[in-house]
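Trainee: Sharing a structure with you now.
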Amino acid sequence: MFPLIRQHIQELIRYRSLVNSLVIRELKARYRGSFLGFLWTFLNPLLLLGVYALVFNFYLRIRMEHYAGFMFVGLLPWIWFSSSLLEGTNSITAGGSLVTKVLFPSQVLPIVKILANLLNYLLSLPILFGFLWAMGVYQGWPLLWLPLILFLHLLFIEGLVLILATINVFFRDVQHILANFLTLLFFLTPILYPLSQVPPPFNKWVKLIPMTQITLSYQDIFFYNRAPDLRILLVFMALSLILLGIGMFFFERYKETFPEKV
Amino acid sequence: MPPAVILKGISKGFKQTTLRRDYITLKSLFLNPFSRKGRPKEETRVVFQDLNLEISQGISLGVIGRNGSGKSTLLKVMTGIYKPDSGTVQMNGRVSSLIELGAGFHPEFTGRENVFINGTILGLSRKEIEKRFDRIVRFAELESFIDVPVRTYSSGMYVRLGFSVAVNVDPDILLVDEVLAVGDESFSRKCIDRMTTFKKSGKTIVLVTHDLPTVERFCDQALWLDSGCIQAQGEPRQVIDAYRQAVARRDDERYKEEQSKAASSGTERLISKDRWGNGDIEIIRVRLRDSRGQERHVFQDGEDILVEMDFQVNRPTLDCVFGVGVFDGKGTCCYGTNTDLDEVVLPPFQETGQIKIKLEQVHLIEGNYLLDVAVHAHDGHNYDYQSGCMSFAVRSTKKDAGIYRIPHRWIVEQE
């Protein structure tokens, strides 16, 4: 198991400049040809926020202080997570001639999608801060936890995507199941509502969802201005590392057959 | 010096399931996890069985063979895209493969951006690409289009850019799969030139192609693959000849098959694009033999060619003329004659018979030729005319021009 994982990582490091240029290509390609171009990176989350704010602030009238800000804090990492999962799962099967006609490590493809979406997330952070400050929600030292939280979240996503992308090569149903499953998971995760709103027997269960654990951490540092719950973060870290190990092993194990199956 | 490429005992098969049905669905797996019925049978289509191949350094090898013979799979195994089921692949040197030109080009991006990304995919660093960039663009002749999205490129421009990036990677071993045919003539000449300088600097080239003349002109060695087996490897001319003979034999068999099929479907058989006539007398079979009576389709220039025609009389008649014509690839008649012109007296034929014409010392220049055979009445009314019913090739060590080599000698006089 470990030699395969080592090989996986070594190849990624060797091809890092390729990962770099593909990530940049991915980001550029996203808005190429559109009139507003890169501005969409900032416009998209703002518009989305507008929609949610309209529905939950004015129609459903949720009683919570700075509710729109709270929602925005959880929504942005969720977008990173869900688009990475959807795009990453498809990345091998949609890789086309890159998989079948050229020799290069195929683990580059999923991570490119994940990193491109991470960059998108990072670029929308200034908007988040601006928005929170305008509401009077300020951050402090707990923000120093952000790199660690981002890193753990990245490991988690990468592990999950590697597994899903591999299965998707053999069972293309995965991509369709995933889209529906993500909708379910979105509402189960305390993004639109605080965890305290969940009644007693269920809130324990909700806490077991990894996405809840990481979302709580984001909310802690961005919204509540406090250090994240270390126990929760440790659990999430352990989970991410296990997932990543399995993902890398699984991916390496079946990688050689990708060119024949795609 | 160790050989550039060593393949030892390579076996490679593909699971037939992936070819017949694209993928098993989760649903079918859930519904009958153990049933064999819902799932296609796991068959393996074997491409290579214990294939051994060595290519010495500095050799350019042309791989020929008909479609589906495993040529491209061989390249993919060498590149490392496909892992063999068993056996070892050893490539001594940096490998660059052109299995698909411009694989990974993004249509929305400019030529410049794509050169950088394509170069990175092929294993170059940014600095290395910058150093080669001008050379790549100049070679592709795309100076004025380099900052335009490649989706606006013509397919020729696309190919030129892809080839240009791939050859400028400076590999030790270059693997090329049937890609030179795409560009225009001046560019494919340029590609060949480029590969020639490549060859001169001691690099190894493996070229998969259907363009036999290129193999003959350019390659030091040829390899003929058929159903994943190496049929022949060696001097290009000999390998190509053997391959051509096999192709001709197969054509011959197909022709025979069509004939026997047609024979069972009435008199309409004589009405087709390449065959017409009322069928009173039919030519059932045509064969070419050499002077030793061996059936052949490739002849050396100056050899005798015996044309043998089996015929069948459906309505006895005395009014009958047999003829043959030889045409070159452009459709020019090189020679044509018949029994009437040659004043051959034919006996009254009954049922079946055979007529032969011996073409002596055929000094046609090198190339491919088509044979017409016919039987018709004296007034030209056709019983059976078969146009291009047989093809044959003439090989020559001389590369003279024209149609037919007029017997000649040079006389030089010195004061």
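Residues in the structure tokens are named by chain (A, B, ... in the order shown) and by number from 1 within that chain; ligands are numbered from 1 in the order shown.
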For chain A, list the residues within 10 Å of chain B, counting only C-alpha atoms, and write the list as a ChimeraX atom specification.

Mentor: /A:14-22,25-26,28-30,32-33,95-105,169-174,256-262

Trainee: Residues within 10 Å of Ile192 (chain B), please, as a PDB file with all heavy atoms, in the first residue's frame. Count only C-alpha atoms; anything in the same chain fewer than 6 positions from it doesn't count.

Mentor:
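See around_8.pdb below for the written result:
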```pdb
ATOM      1  N   LEU B 180       1.512  12.138 -40.242  1.00  0.00           N
ATOM      2  CA  LEU B 180       2.113  13.021 -41.238  1.00  0.00           C
ATOM      3  C   LEU B 180       1.205  13.223 -42.430  1.00  0.00           C
ATOM      4  O   LEU B 180       1.360  14.155 -43.196  1.00  0.00           O
ATOM      5  CB  LEU B 180       3.439  12.436 -41.703  1.00  0.00           C
ATOM      6  CG  LEU B 180       4.398  12.238 -40.545  1.00  0.00           C
ATOM      7  CD1 LEU B 180       5.695  11.671 -41.044  1.00  0.00           C
ATOM      8  CD2 LEU B 180       4.635  13.557 -39.855  1.00  0.00           C
ATOM      9  N   SER B 186       4.007  20.301 -48.596  1.00  0.00           N
ATOM     10  CA  SER B 186       5.254  20.958 -48.217  1.00  0.00           C
ATOM     11  C   SER B 186       5.534  20.718 -46.742  1.00  0.00           C
ATOM     12  O   SER B 186       6.674  20.570 -46.330  1.00  0.00           O
ATOM     13  CB  SER B 186       5.186  22.451 -48.517  1.00  0.00           C
ATOM     14  OG  SER B 186       4.799  23.178 -47.383  1.00  0.00           O
ATOM     15  N   PHE B 198      16.929  14.208 -37.439  1.00  0.00           N
ATOM     16  CA  PHE B 198      16.768  13.453 -36.220  1.00  0.00           C
ATOM     17  C   PHE B 198      17.536  12.154 -36.281  1.00  0.00           C
ATOM     18  O   PHE B 198      18.256  11.763 -35.382  1.00  0.00           O
ATOM     19  CB  PHE B 198      15.293  13.097 -36.142  1.00  0.00           C
ATOM     20  CG  PHE B 198      14.716  13.330 -34.835  1.00  0.00           C
ATOM     21  CD1 PHE B 198      14.292  14.585 -34.499  1.00  0.00           C
ATOM     22  CD2 PHE B 198      14.612  12.306 -33.940  1.00  0.00           C
ATOM     23  CE1 PHE B 198      13.767  14.808 -33.269  1.00  0.00           C
ATOM     24  CE2 PHE B 198      14.083  12.526 -32.720  1.00  0.00           C
ATOM     25  CZ  PHE B 198      13.658  13.775 -32.379  1.00  0.00           C
ATOM     26  N   THR B 214       6.896   5.928 -48.175  1.00  0.00           N
ATOM     27  CA  THR B 214       7.653   6.658 -47.157  1.00  0.00           C
ATOM     28  C   THR B 214       8.512   5.710 -46.345  1.00  0.00           C
ATOM     29  O   THR B 214       9.679   5.993 -46.054  1.00  0.00           O
ATOM     30  CB  THR B 214       6.703   7.423 -46.216  1.00  0.00           C
ATOM     31  OG1 THR B 214       5.957   8.341 -46.997  1.00  0.00           O
ATOM     32  CG2 THR B 214       7.470   8.173 -45.152  1.00  0.00           C
ATOM     33  N   PHE B 218      12.356   6.241 -46.294  1.00  0.00           N
ATOM     34  CA  PHE B 218      12.854   6.872 -45.070  1.00  0.00           C
ATOM     35  C   PHE B 218      13.415   5.896 -44.039  1.00  0.00           C
ATOM     36  O   PHE B 218      14.362   6.225 -43.335  1.00  0.00           O
ATOM     37  CB  PHE B 218      11.720   7.696 -44.472  1.00  0.00           C
ATOM     38  CG  PHE B 218      12.050   8.302 -43.156  1.00  0.00           C
ATOM     39  CD1 PHE B 218      12.893   9.401 -43.105  1.00  0.00           C
ATOM     40  CD2 PHE B 218      11.551   7.776 -41.990  1.00  0.00           C
ATOM     41  CE1 PHE B 218      13.215   9.971 -41.897  1.00  0.00           C
ATOM     42  CE2 PHE B 218      11.879   8.339 -40.772  1.00  0.00           C
ATOM     43  CZ  PHE B 218      12.710   9.428 -40.731  1.00  0.00           C
TER      44      PHE B 218
END
```

Trainee: What separation in Å, quoted to one decimal, exists between CA of Leu7 (chain B) and CA of Val89 (chain B)?

Mentor: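 Interatomic distance, CA of Leu7 (chain B) to CA of Val89 (chain B): 4.8 Å.
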
Trainee: Identify all residues of region 7-251 of chain A in alpha helix (DSSP H) (DSSP on the backbone) and supply them as a ChimeraX atom specification.

Mentor: /A:7-14,16-31,40-53,67-91,97-100,108-135,146-170,173-188,200-208,210-222,230-251

Trainee: Identify, on the basis of only C-alpha atoms, every residue whose closest approach to Leu182 (chain A) does not exceed 10 Å; exclude the query and any residue fewer than 2 positions from it along the same chain; express the result as JSON, numbers by chain.

Mentor: {"A": [78, 81, 82, 83, 85, 86, 177, 178, 179, 180, 184, 185, 186, 187, 188]}

Trainee: May I have the residues from that selection written out with all heavy atoms, as a short mmCIF file (atom, residue, chain, number, x, y, z; two decimals), in the first residue's frame?

Mentor:
```
data_model
loop_
_atom_site.label_atom_id
_atom_site.label_comp_id
_atom_site.auth_asym_id
_atom_site.auth_seq_id
_atom_site.Cartn_x
_atom_site.Cartn_y
_atom_site.Cartn_z
N TRP A 78 -18.67 25.23 0.96
CA TRP A 78 -19.52 24.19 0.38
C TRP A 78 -19.42 24.19 -1.14
O TRP A 78 -19.34 23.14 -1.77
CB TRP A 78 -20.98 24.36 0.81
CG TRP A 78 -21.85 23.40 0.06
CD1 TRP A 78 -22.53 23.62 -1.10
CD2 TRP A 78 -22.06 22.02 0.38
NE1 TRP A 78 -23.14 22.48 -1.52
CE2 TRP A 78 -22.87 21.49 -0.64
CE3 TRP A 78 -21.63 21.19 1.42
CZ2 TRP A 78 -23.28 20.15 -0.63
CZ3 TRP A 78 -22.03 19.87 1.42
CH2 TRP A 78 -22.84 19.36 0.40
N PHE A 81 -16.30 22.57 -2.11
CA PHE A 81 -16.42 21.13 -1.91
C PHE A 81 -17.26 20.47 -3.01
O PHE A 81 -16.82 19.52 -3.66
CB PHE A 81 -17.07 20.89 -0.53
CG PHE A 81 -17.48 19.46 -0.28
CD1 PHE A 81 -16.54 18.49 -0.02
CD2 PHE A 81 -18.82 19.11 -0.29
CE1 PHE A 81 -16.91 17.17 0.23
CE2 PHE A 81 -19.21 17.80 -0.04
CZ PHE A 81 -18.25 16.83 0.21
N SER A 82 -18.44 21.01 -3.24
CA SER A 82 -19.34 20.30 -4.16
C SER A 82 -18.88 20.41 -5.61
O SER A 82 -18.92 19.43 -6.35
CB SER A 82 -20.77 20.81 -4.01
OG SER A 82 -20.84 22.16 -4.37
N SER A 83 -18.38 21.59 -6.04
CA SER A 83 -17.94 21.63 -7.44
C SER A 83 -16.69 20.80 -7.65
O SER A 83 -16.52 20.19 -8.71
CB SER A 83 -17.75 23.06 -7.95
OG SER A 83 -17.70 23.97 -6.91
N LEU A 85 -16.01 18.03 -6.12
CA LEU A 85 -16.45 16.65 -6.15
C LEU A 85 -17.05 16.31 -7.51
O LEU A 85 -16.70 15.30 -8.13
CB LEU A 85 -17.48 16.41 -5.05
CG LEU A 85 -17.12 15.29 -4.07
CD1 LEU A 85 -15.79 15.57 -3.42
CD2 LEU A 85 -18.21 15.12 -3.02
N LEU A 86 -17.92 17.18 -7.99
CA LEU A 86 -18.57 16.91 -9.28
C LEU A 86 -17.57 16.92 -10.42
O LEU A 86 -17.53 16.01 -11.24
CB LEU A 86 -19.67 17.94 -9.54
CG LEU A 86 -20.95 17.74 -8.72
CD1 LEU A 86 -21.87 18.94 -8.88
CD2 LEU A 86 -21.66 16.46 -9.15
N ILE A 177 -25.44 9.78 -9.37
CA ILE A 177 -25.81 9.59 -7.96
C ILE A 177 -25.27 10.75 -7.14
O ILE A 177 -25.97 11.32 -6.29
CB ILE A 177 -25.25 8.26 -7.44
CG1 ILE A 177 -25.87 7.09 -8.21
CG2 ILE A 177 -25.48 8.12 -5.95
CD1 ILE A 177 -25.24 5.76 -7.91
N LEU A 178 -24.03 11.10 -7.44
CA LEU A 178 -23.35 12.12 -6.65
C LEU A 178 -24.12 13.44 -6.66
O LEU A 178 -24.28 14.08 -5.61
CB LEU A 178 -21.95 12.32 -7.21
CG LEU A 178 -21.06 13.28 -6.43
CD1 LEU A 178 -20.75 12.71 -5.07
CD2 LEU A 178 -19.78 13.58 -7.19
N ALA A 179 -24.60 13.85 -7.82
CA ALA A 179 -25.29 15.14 -7.93
C ALA A 179 -26.47 15.18 -6.97
O ALA A 179 -26.69 16.19 -6.28
CB ALA A 179 -25.75 15.35 -9.36
N ASN A 180 -27.21 14.09 -6.90
CA ASN A 180 -28.37 14.06 -6.01
C ASN A 180 -27.97 13.95 -4.55
O ASN A 180 -28.57 14.57 -3.68
CB ASN A 180 -29.27 12.89 -6.37
CG ASN A 180 -29.94 13.13 -7.71
OD1 ASN A 180 -30.66 14.11 -7.87
ND2 ASN A 180 -29.65 12.29 -8.68
N LEU A 184 -28.78 16.40 -1.00
CA LEU A 184 -29.18 15.91 0.31
C LEU A 184 -28.20 16.38 1.38
O LEU A 184 -28.59 16.94 2.42
CB LEU A 184 -29.24 14.37 0.28
CG LEU A 184 -29.50 13.68 1.61
CD1 LEU A 184 -30.93 13.93 2.07
CD2 LEU A 184 -29.22 12.19 1.50
N LEU A 185 -26.92 16.18 1.09
CA LEU A 185 -25.88 16.51 2.07
C LEU A 185 -25.89 18.00 2.39
O LEU A 185 -25.66 18.41 3.53
CB LEU A 185 -24.52 16.09 1.53
CG LEU A 185 -23.36 16.13 2.53
CD1 LEU A 185 -23.61 15.18 3.67
CD2 LEU A 185 -22.05 15.82 1.84
N PHE A 186 -26.20 18.80 1.39
CA PHE A 186 -26.21 20.25 1.58
C PHE A 186 -27.20 20.65 2.67
O PHE A 186 -26.91 21.48 3.52
CB PHE A 186 -26.57 20.93 0.26
CG PHE A 186 -26.71 22.43 0.38
CD1 PHE A 186 -25.61 23.21 0.71
CD2 PHE A 186 -27.93 23.05 0.18
CE1 PHE A 186 -25.74 24.59 0.82
CE2 PHE A 186 -28.06 24.43 0.29
CZ PHE A 186 -26.96 25.19 0.61
N PHE A 187 -28.35 20.03 2.66
CA PHE A 187 -29.37 20.40 3.64
C PHE A 187 -29.12 19.74 4.98
O PHE A 187 -29.62 20.20 6.01
CB PHE A 187 -30.76 20.08 3.10
CG PHE A 187 -31.16 21.04 2.03
CD1 PHE A 187 -31.14 20.68 0.69
CD2 PHE A 187 -31.51 22.36 2.34
CE1 PHE A 187 -31.48 21.58 -0.29
CE2 PHE A 187 -31.84 23.26 1.36
CZ PHE A 187 -31.83 22.88 0.03
N LEU A 188 -28.38 18.64 5.00
CA LEU A 188 -28.05 17.99 6.27
C LEU A 188 -26.93 18.71 7.00
O LEU A 188 -26.76 18.57 8.20
CB LEU A 188 -27.64 16.54 6.02
CG LEU A 188 -28.76 15.57 5.62
CD1 LEU A 188 -28.21 14.17 5.49
CD2 LEU A 188 -29.87 15.62 6.66
#
```

Trainee: Might you pull out every residue within 12 Å of Asp384 (chain B), with only C-alpha atoms counted and same-chain residues fewer than 3 positions away left off, and present them as a PyMOL selection string?

Mentor: chain B and resi 267-272+274-285+311-314+320-324+372-377+380-381+387+389

Trainee: Give me the residues near Ser124 (chain A) as a list in words, where near means some atom within 8 Å (using only C-alpha atoms) and where sequence neighbours in that chain fewer than 6 positions away do not count.

Mentor: Thr41, Phe42, Pro45 and Leu76 of chain A

Trainee: Can you work out which one of A:Ile191, A:Leu233, A:Leu4, A:Leu27 has the shortest atom-to-atom distance to Trp145 (chain A), counting only C-alpha atoms?

Mentor: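 Smallest separation from Trp145 (chain A) among the options: A:Leu233.
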
Trainee: What does the distance from CA of Ile111 (chain A) to CA of Ile92 (chain A) come to in Å, to one decimal?

Mentor: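 Separation of CA of Ile111 (chain A) and CA of Ile92 (chain A): 10.8 Å.
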
Trainee: Just the number, please: distance in Å from CA of Gln107 (chain A) to CA of Leu125 (chain A), one decimal.

Mentor: 27.7 Å

Trainee: Using only C-alpha atoms, determine which residues lie at most 9 Å from Trp80 (chain A), disregarding the query and same-chain residues fewer than 4 positions distant; provide the list as a PyMOL selection string.

Mentor: chain A and resi 75-76+84-85+114+117-121
